[in-house]
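One structure is given below, encoded as structure tokens.
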Amino acid sequence: MSYLLHLLIILGIYSTLSYSLNLTLGFAGLLSFCHAAFYGLGAYAYVLLLQGSVPQPAALAGAVTINMLLAVLIGSVSLRFRGDLFLFVTLGFQMIVFVILYNWVGLTNGPYGLAGIPRPVFFGVMIRTPLQFAILAAAMNLILLPLLFRLYRSPFGMLLKALRDNEAAAESLGIHGRSMFLQAFVISAAVAAVPGALYASYVTYIDPTSFTLKESIFLTAILLLGGAGNRLGPLVGTLIMVLLPEALRFLGLPDVIAHNMREVIYGLLLVFLMYFRPKGIAGEFGVS
Amino acid sequence: MNLFLQLMANGLVNGALFAMLAVGFGLVWRTIRVFHVAYGGLFVACAYIFHVLVTRYGFSPVTGGVLTTCIGGAAGALMEVGFYRPFYRKEASSGAVLVASLGIFVAIENLIAMGFGNQLQTVLRELAPAFRIGPVALTRLQTIEFAVGLTTVGALWLLVRRLRAFKALWAMGDEPELISTLGLPLFRLRTMVFVISTMLVAVSASLITYDLGVDPHMGMSYLLVAAVAVLVGGRDSDTGWIGGAIVLAILQSLVVWKFSARWMDLVTFVLLVSMLVFRPQGLIATQQRVEEA
Amino acid sequence: MTMNNALLIKDVDKRFGDTWVLRGVRAAVPSGKITAFVGPNGAGKTTLFHVIAGAIRPDKGQVQYKGADITGRPPHVIALKGIGRQFQDVRVFKTLTALDNVMIGMLPRCHQISLRAWFRSFATDRSIKKLRQEAEFWLDYVGIVDEQTRLAGELSFGQQKLLSLARLFARGFPCLLLDEPTAGVAPTMAERIVSLIRQRVDEGALTVAAFVEHNMTAVEHLADWIHFMHEGRVAFSGRSDHVLGNQAVRELYMGI
């Protein structure tokens, strides 16, 4: 039972990460490989603020703000480019963030990570059991997802889609591509801080190896597989990618093999999807 | 000073290896116009092929290397015929091809991990004798790496300028449809590019495996080295790719000297980002084509 | 003859590598008239439009709109100054409906950066509902109102051209740059496009229009003023009947 709850918590975390990335990838049409960096930065910022005796709500707000500021910096540089180059610059930033987290031992404790992360406390109740964390994860989604959905449906979301379809045409109508893209990028990054904080307080220990390039690729793959640019795709992608190794283990495959097998399956699925259905299983945006 | 020279020498040796990787990647980029992410997967595959040939079948490293190169060439041809060409025929978008290429890479990497385990495996060999050139000491393997890299890349550099086939390849990158109109065999040229590219990968992978060993996840690091070298050096210039590779290798060595090995990756990517921001055409810029805005 | 010169191109040079695509181009696009840029392929017409619209920076020279210097400003700024543009390859937003395509152009500037843009629902917000009705009007104006819920990518090329016109009319650009508005469509469609443009000018809503064209029938019907371009220069300018009747022009252009 508690294993099922653990799965729900993981699903909850990746769901928020996917829906936040959806704004940049699905709506703005920008493929990036740095979302795990923001996930990790959010986690680290939250924990370090807590260690600095900042109360929890402020620490969370602080983590979101730090992500926003860093995203403005990273986004301003990256958004000089589009397409493959943009992807590669964000990859570069992902690596830079990882190296800094891994090597700035004075700040982040480097490869040793940060342990003893305190559990969250809500209205005097400490969140400790898997059930409580599952409820917290659900609450996180119930608050953040509707906000994201509003953005998807708003004029802002429409403008992003227009830019995605044809940036030159949109600009000829007075829409400033870089500014809109930057806003989307910053919002995505800011939202990613919250599951970062949740993850940190759930496992009570974080180290940089949870926030690598591989993880960024995984997050992007969720959207490429499940679909992006709408409300259904990210859910489909998250369910498949998170539950697949569990299903494989159920069939008797040992743990490590199950994870490798998941990667093989999604790798091949990506190939087939990009050939037959670039919009992914349930998506609206096709990679271009 | 001696340490500095030693590190420079190490850097040049690595530069030769990186140059092979960069040229292999850059060739595909320049002529097929594809961000060949699967290159990393081919690298790992060749590395393991070499490893198996030498440790399990007892081939000598040289024979193993040659065999791996031949198998690599075949794998490259297969990759073009079975993967990139269908996408080309379908006129898939470049993003879709990139993602599919990534999918292949992920699949190959994990298949290898499933088959061989996730740990580093080395090739048993004796401690290498070292040569001394003045204050600098290089192992025999390092000298071989440098020599192989230099000759391979040098030969290609010359061939590119002499053989008409390469002129056709460059044109293929700019206007693929024109090639068939001119009566040149587009698909055969494409296959040739992938064969050469993967052979370069196979040579590098064999040398690196013999030196350092294999692990299933090494592909990404070397793919990134190749890609950064190409982007930093100048996307469309083969001299640029080589230059970029050498600059990268030497910078890495210097960082190890001045700071520590931990910050090596930071240098690679700060270099990449800085180059793209301040000089996006790379170290060696080529003529811009007339672009439709 | 004095004219209110809304758009002025002064001594614009543009070079790509070793090729001079534009050489000291001087042209005026007057208010209240339709101006055509004609000439053989490679004369630099489209490049000139790219320069005016801010997609390309000229190496030398100036572009002025209503007396203000707009040289080298980015495309979205040029649009905000009131210059709209139709592309030769149309460029509609393929995954949006025809109606949404028109509405995108209409979203007022405040919708772009304020918080209101983030939280209003595009589907149900009242002020956007008004925009939607207007957008429908414009689709009807150009004649494709029945297609309003279809995705723009599914429309025929001619319909997409009408859609892009509707988009521009709905936004109310006082100045339009049209790159080969009748290219690639059947003659009846070309006629419709021509009459729509003429209509807007006659209604006084469109004060400046410039277009590039190879379709000489369209040029005859639409243009009041013609600039004939050849090898990156404006070789001949004048009233359309004068230019079209000119022997040198006929030889240079029709002979090619």
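Every chain in the structure tokens has a letter given in the order shown (A, B, ...), and although residue numbers restart at 1 in each chain, ligands are simply numbered from 1 in the order shown.
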
Write out as a PDB file with N, CA and C atoms, in the first residue's frame every residue belonging to chain C that has an atom at most 10 Å from any atom of chain B, counting only C-alpha atoms.
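And here's result_7.pdb as it stands now:
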```
ATOM      1  N   ARG C  15      23.923  44.471 -49.077  1.00  0.00           N
ATOM      2  CA  ARG C  15      24.836  43.546 -49.739  1.00  0.00           C
ATOM      3  C   ARG C  15      24.802  42.200 -49.037  1.00  0.00           C
ATOM      4  N   PHE C  16      24.780  41.111 -49.783  1.00  0.00           N
ATOM      5  CA  PHE C  16      24.919  39.776 -49.194  1.00  0.00           C
ATOM      6  C   PHE C  16      26.185  39.172 -49.728  1.00  0.00           C
ATOM      7  N   GLY C  17      27.206  39.061 -48.874  1.00  0.00           N
ATOM      8  CA  GLY C  17      28.476  38.542 -49.363  1.00  0.00           C
ATOM      9  C   GLY C  17      29.023  39.485 -50.419  1.00  0.00           C
ATOM     10  N   ASP C  18      29.193  39.000 -51.622  1.00  0.00           N
ATOM     11  CA  ASP C  18      29.745  39.852 -52.673  1.00  0.00           C
ATOM     12  C   ASP C  18      28.678  40.473 -53.550  1.00  0.00           C
ATOM     13  N   THR C  19      27.428  40.094 -53.298  1.00  0.00           N
ATOM     14  CA  THR C  19      26.372  40.558 -54.206  1.00  0.00           C
ATOM     15  C   THR C  19      25.650  41.762 -53.637  1.00  0.00           C
ATOM     16  N   VAL C  21      22.437  43.485 -53.482  1.00  0.00           N
ATOM     17  CA  VAL C  21      21.046  43.203 -53.815  1.00  0.00           C
ATOM     18  C   VAL C  21      20.254  44.497 -53.947  1.00  0.00           C
ATOM     19  N   THR C  46      11.620  41.919 -53.095  1.00  0.00           N
ATOM     20  CA  THR C  46      11.297  41.300 -51.805  1.00  0.00           C
ATOM     21  C   THR C  46      12.289  41.719 -50.741  1.00  0.00           C
ATOM     22  N   THR C  47      13.567  41.818 -51.122  1.00  0.00           N
ATOM     23  CA  THR C  47      14.572  42.261 -50.151  1.00  0.00           C
ATOM     24  C   THR C  47      14.240  43.652 -49.643  1.00  0.00           C
ATOM     25  N   HIS C  50      11.710  43.331 -47.092  1.00  0.00           N
ATOM     26  CA  HIS C  50      12.299  42.835 -45.839  1.00  0.00           C
ATOM     27  C   HIS C  50      12.941  43.977 -45.079  1.00  0.00           C
ATOM     28  N   VAL C  51      13.620  44.871 -45.802  1.00  0.00           N
ATOM     29  CA  VAL C  51      14.290  46.003 -45.151  1.00  0.00           C
ATOM     30  C   VAL C  51      13.270  46.929 -44.508  1.00  0.00           C
ATOM     31  N   GLY C  54      11.769  45.508 -41.375  1.00  0.00           N
ATOM     32  CA  GLY C  54      12.652  45.298 -40.240  1.00  0.00           C
ATOM     33  C   GLY C  54      13.243  43.906 -40.140  1.00  0.00           C
ATOM     34  N   ALA C  55      13.009  43.079 -41.125  1.00  0.00           N
ATOM     35  CA  ALA C  55      13.567  41.726 -41.059  1.00  0.00           C
ATOM     36  C   ALA C  55      15.038  41.723 -41.423  1.00  0.00           C
ATOM     37  N   ILE C  56      15.442  42.705 -42.209  1.00  0.00           N
ATOM     38  CA  ILE C  56      16.850  42.818 -42.611  1.00  0.00           C
ATOM     39  C   ILE C  56      17.302  44.251 -42.352  1.00  0.00           C
TER      40      ILE C  56
END
```

At a cut-off of 9 Å, can you tabulate as CSV every residue of chain A near chain C together with its closest atom pair and the distance in Å to one decimal, using only C-alpha atoms and ordering rows by chain then number?
```
residue,atom,partner,partner_atom,distance
A:Leu147,CA,C:Phe119,CA,8.4
A:Arg150,CA,C:Phe119,CA,5.9
A:Leu151,CA,C:Trp118,CA,5.4
A:Tyr152,CA,C:Trp118,CA,8.6
A:Arg153,CA,C:Ser121,CA,5.5
A:Ser154,CA,C:Ser121,CA,4.6
A:Pro155,CA,C:Phe122,CA,5.3
A:Phe156,CA,C:Ala117,CA,5.2
A:Gly157,CA,C:Trp118,CA,7.7
A:Met158,CA,C:Ile104,CA,7.4
A:Leu159,CA,C:Ile104,CA,6.8
A:Lys161,CA,C:Leu96,CA,7.9
A:Ala162,CA,C:Phe93,CA,5.8
A:Leu163,CA,C:Phe93,CA,8.3
A:Arg164,CA,C:Phe93,CA,8.5
A:Asp165,CA,C:Phe93,CA,5.3
A:Asn166,CA,C:Phe93,CA,6.3
A:Ala168,CA,C:Pro75,CA,8.1
A:Ala169,CA,C:Arg91,CA,6.1
A:Ala170,CA,C:Gly105,CA,8.0
A:Glu171,CA,C:His76,CA,4.6
A:Ser172,CA,C:Ala79,CA,5.6
A:Leu173,CA,C:Gly105,CA,5.6
A:Gly174,CA,C:His76,CA,4.1
A:Ile175,CA,C:His76,CA,5.7
A:His176,CA,C:His76,CA,5.7
A:Gly177,CA,C:His76,CA,8.3
A:Ser179,CA,C:Ile113,CA,8.4
A:Met180,CA,C:Gln112,CA,7.6
A:Gln183,CA,C:Ile113,CA,8.8
A:Glu284,CA,C:Thr95,CA,8.2
A:Phe285,CA,C:Thr95,CA,8.2
```

Please produce an output containing C-alpha atoms for each residue in the selection, written as a PDB file, in the first residue's frame.
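And here is the file that came out, selection20.pdb:
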```
ATOM      1  CA  LEU A 147      -3.216  28.000 -12.755  1.00  0.00           C
ATOM      2  CA  ARG A 150      -5.604  29.297 -17.167  1.00  0.00           C
ATOM      3  CA  LEU A 151      -2.384  30.344 -18.778  1.00  0.00           C
ATOM      4  CA  TYR A 152      -2.864  27.815 -21.550  1.00  0.00           C
ATOM      5  CA  ARG A 153      -6.316  29.191 -22.260  1.00  0.00           C
ATOM      6  CA  SER A 154      -5.425  32.838 -21.934  1.00  0.00           C
ATOM      7  CA  PRO A 155      -4.528  35.356 -24.638  1.00  0.00           C
ATOM      8  CA  PHE A 156      -0.942  34.782 -23.532  1.00  0.00           C
ATOM      9  CA  GLY A 157      -1.270  31.095 -24.370  1.00  0.00           C
ATOM     10  CA  MET A 158      -2.773  31.942 -27.751  1.00  0.00           C
ATOM     11  CA  LEU A 159       0.032  34.348 -28.553  1.00  0.00           C
ATOM     12  CA  LYS A 161       0.852  29.260 -30.034  1.00  0.00           C
ATOM     13  CA  ALA A 162       0.900  31.827 -32.804  1.00  0.00           C
ATOM     14  CA  LEU A 163       4.603  32.401 -32.216  1.00  0.00           C
ATOM     15  CA  ARG A 164       5.131  28.672 -32.192  1.00  0.00           C
ATOM     16  CA  ASP A 165       3.388  28.230 -35.512  1.00  0.00           C
ATOM     17  CA  ASN A 166       5.181  31.069 -37.238  1.00  0.00           C
ATOM     18  CA  ALA A 168       7.906  35.815 -38.293  1.00  0.00           C
ATOM     19  CA  ALA A 169       4.200  36.148 -39.004  1.00  0.00           C
ATOM     20  CA  ALA A 170       3.420  36.786 -35.357  1.00  0.00           C
ATOM     21  CA  GLU A 171       6.085  39.461 -35.138  1.00  0.00           C
ATOM     22  CA  SER A 172       4.671  41.107 -38.233  1.00  0.00           C
ATOM     23  CA  LEU A 173       1.493  41.538 -36.210  1.00  0.00           C
ATOM     24  CA  GLY A 174       3.326  43.282 -33.412  1.00  0.00           C
ATOM     25  CA  ILE A 175       3.968  40.339 -31.113  1.00  0.00           C
ATOM     26  CA  HIS A 176       7.433  40.374 -29.590  1.00  0.00           C
ATOM     27  CA  GLY A 177       8.728  36.828 -29.757  1.00  0.00           C
ATOM     28  CA  SER A 179       9.593  38.757 -24.685  1.00  0.00           C
ATOM     29  CA  MET A 180       6.741  36.248 -24.842  1.00  0.00           C
ATOM     30  CA  GLN A 183       7.818  34.972 -19.960  1.00  0.00           C
ATOM     31  CA  GLU A 284      -1.418  19.017 -30.237  1.00  0.00           C
ATOM     32  CA  PHE A 285       2.054  20.246 -30.989  1.00  0.00           C
TER      33      PHE A 285
END
```

**OP:** Please report as a ChimeraX atom specification which residues of chain B come no farther than 10 Å from chain A, using only C-alpha atoms.
**Re:** /B:34-35,83,86-87,90-115,117-118,220,224,227-228,231,262-274,276-277,280,293

Convert the current residue selection to file output with C-alpha atoms, as an mmCIF file, in the first residue's frame.
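In the end it all went to again.cif:
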```cif
data_model
loop_
_atom_site.group_PDB
_atom_site.id
_atom_site.type_symbol
_atom_site.label_atom_id
_atom_site.label_comp_id
_atom_site.auth_asym_id
_atom_site.auth_seq_id
_atom_site.Cartn_x
_atom_site.Cartn_y
_atom_site.Cartn_z
ATOM 1 C CA VAL B 34 21.105 16.594 -39.041
ATOM 2 C CA PHE B 35 22.049 16.899 -35.384
ATOM 3 C CA PHE B 83 16.942 5.239 -40.120
ATOM 4 C CA PRO B 86 13.259 6.989 -44.305
ATOM 5 C CA PHE B 87 13.000 10.239 -42.372
ATOM 6 C CA LYS B 90 9.237 11.461 -45.401
ATOM 7 C CA GLU B 91 10.484 15.067 -45.332
ATOM 8 C CA ALA B 92 10.279 14.988 -41.559
ATOM 9 C CA SER B 93 11.069 18.197 -39.733
ATOM 10 C CA SER B 94 14.570 18.606 -38.365
ATOM 11 C CA GLY B 95 13.265 18.612 -34.806
ATOM 12 C CA ALA B 96 11.505 15.313 -35.338
ATOM 13 C CA VAL B 97 14.686 13.753 -36.731
ATOM 14 C CA LEU B 98 16.675 15.059 -33.793
ATOM 15 C CA VAL B 99 14.240 13.583 -31.311
ATOM 16 C CA ALA B 100 14.177 10.271 -33.168
ATOM 17 C CA SER B 101 17.971 10.257 -33.211
ATOM 18 C CA LEU B 102 17.872 10.834 -29.468
ATOM 19 C CA GLY B 103 15.494 7.905 -29.162
ATOM 20 C CA ILE B 104 17.922 5.634 -30.976
ATOM 21 C CA PHE B 105 20.742 6.824 -28.753
ATOM 22 C CA VAL B 106 18.778 6.114 -25.591
ATOM 23 C CA ALA B 107 17.742 2.706 -26.893
ATOM 24 C CA ILE B 108 21.281 1.683 -27.839
ATOM 25 C CA GLU B 109 22.763 2.910 -24.583
ATOM 26 C CA ASN B 110 20.271 1.022 -22.477
ATOM 27 C CA LEU B 111 20.392 -2.151 -24.534
ATOM 28 C CA ILE B 112 24.115 -2.203 -23.933
ATOM 29 C CA ALA B 113 23.601 -1.544 -20.227
ATOM 30 C CA MET B 114 21.164 -4.432 -20.055
ATOM 31 C CA GLY B 115 23.544 -6.726 -21.845
ATOM 32 C CA GLY B 117 25.924 -4.187 -16.933
ATOM 33 C CA ASN B 118 26.308 -0.604 -15.849
ATOM 34 C CA MET B 220 26.811 11.277 -23.992
ATOM 35 C CA LEU B 224 28.908 16.515 -26.249
ATOM 36 C CA ALA B 227 29.132 18.742 -30.710
ATOM 37 C CA VAL B 228 30.770 21.498 -28.667
ATOM 38 C CA LEU B 231 29.758 24.533 -32.607
ATOM 39 C CA ARG B 262 36.293 18.883 -11.107
ATOM 40 C CA TRP B 263 35.696 22.022 -13.093
ATOM 41 C CA MET B 264 36.489 20.563 -16.497
ATOM 42 C CA ASP B 265 32.895 20.223 -17.631
ATOM 43 C CA LEU B 266 32.157 23.763 -16.546
ATOM 44 C CA VAL B 267 34.838 24.973 -18.927
ATOM 45 C CA THR B 268 33.389 23.013 -21.800
ATOM 46 C CA PHE B 269 29.956 24.469 -21.412
ATOM 47 C CA VAL B 270 30.897 27.973 -20.445
ATOM 48 C CA LEU B 271 33.043 27.958 -23.579
ATOM 49 C CA LEU B 272 30.065 26.754 -25.582
ATOM 50 C CA VAL B 273 27.658 29.316 -24.220
ATOM 51 C CA SER B 274 30.156 32.170 -24.480
ATOM 52 C CA LEU B 276 27.378 31.087 -29.064
ATOM 53 C CA VAL B 277 26.657 34.403 -27.434
ATOM 54 C CA PRO B 280 27.854 32.491 -32.941
ATOM 55 C CA ALA B 293 14.250 36.563 -43.584
#
```

Original post:
Got a sec: who's within 12 Å of range 63-68 of chain A, counting only C-alpha atoms, leaving out chain neighbours fewer than 6 positions off, as an NGL selection string?
Top reply: :A and (35-50 or 54 or 56-57 or 74-76 or 182-198)

Subject >> Shell of 9 Å around Thr63 in chain B, only C-alpha atoms, local chain residues under 5 positions omitted, as a PyMOL selection string >> reply: chain B and resi 53-54+68

Preceding selection exported with N, CA and C atoms as an mmCIF file, in the first residue's frame:
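Output file part.cif is given in full below:
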```cif
data_model
loop_
_atom_site.group_PDB
_atom_site.id
_atom_site.type_symbol
_atom_site.label_atom_id
_atom_site.label_comp_id
_atom_site.auth_asym_id
_atom_site.auth_seq_id
_atom_site.Cartn_x
_atom_site.Cartn_y
_atom_site.Cartn_z
ATOM 1 N N LEU B 53 35.742 -7.829 -28.635
ATOM 2 C CA LEU B 53 36.704 -8.464 -29.543
ATOM 3 C C LEU B 53 38.025 -8.736 -28.836
ATOM 4 N N VAL B 54 38.455 -7.764 -28.041
ATOM 5 C CA VAL B 54 39.775 -7.906 -27.425
ATOM 6 C C VAL B 54 39.725 -8.783 -26.182
ATOM 7 N N THR B 68 36.776 -3.373 -35.560
ATOM 8 C CA THR B 68 35.730 -2.468 -35.062
ATOM 9 C C THR B 68 35.451 -1.368 -36.077
#
```

Original post:
Quick one: of C:Gly39, C:Lys10, C:Phe49, C:Tyr141, who's nearest to Asp69 in chain C, counting only C-alpha atoms?
Top reply: C:Lys10

Original post:
Restricting the calculation to only C-alpha atoms, which member of B:Gly64, B:Gly233, B:Gly243, B:Gly76 is positioned closest to Thr209 in chain B?
Top reply: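 Distance minimum relative to Thr209 in chain B lands on B:Gly64.
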
Original post:
Quick one, how far is CA of Gly245 in chain C from CA of Glu180 in chain C?
Top reply: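 Result for CA of Gly245 in chain C versus CA of Glu180 in chain C: 21.8 Å, one decimal.
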
Subject >> range 160-165 of chain B surroundings by only C-alpha atoms, 12 Å radius, close-in-sequence under 4 positions cut, as a list in words >> reply: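 Within the cut-off, the hits are Val23, Leu27, Thr31, Val153, Gly154, Ala155, Leu156, Leu169, Trp170, Ala171, Met172, Ile179, Leu184, Pro185, Leu186, Arg188, Leu189, Arg190, Met192, Val193, Ser237, Asp238 and Thr239 of chain B.
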
**OP:** Output as a PyMOL selection string all residues of range 37-190 of chain A that backbone DSSP marks as helix (DSSP H, G or I).
**Re:** chain A and resi 37-51+56-78+83-103+105-108+110-112+130-153+155-165+167-171+177-190
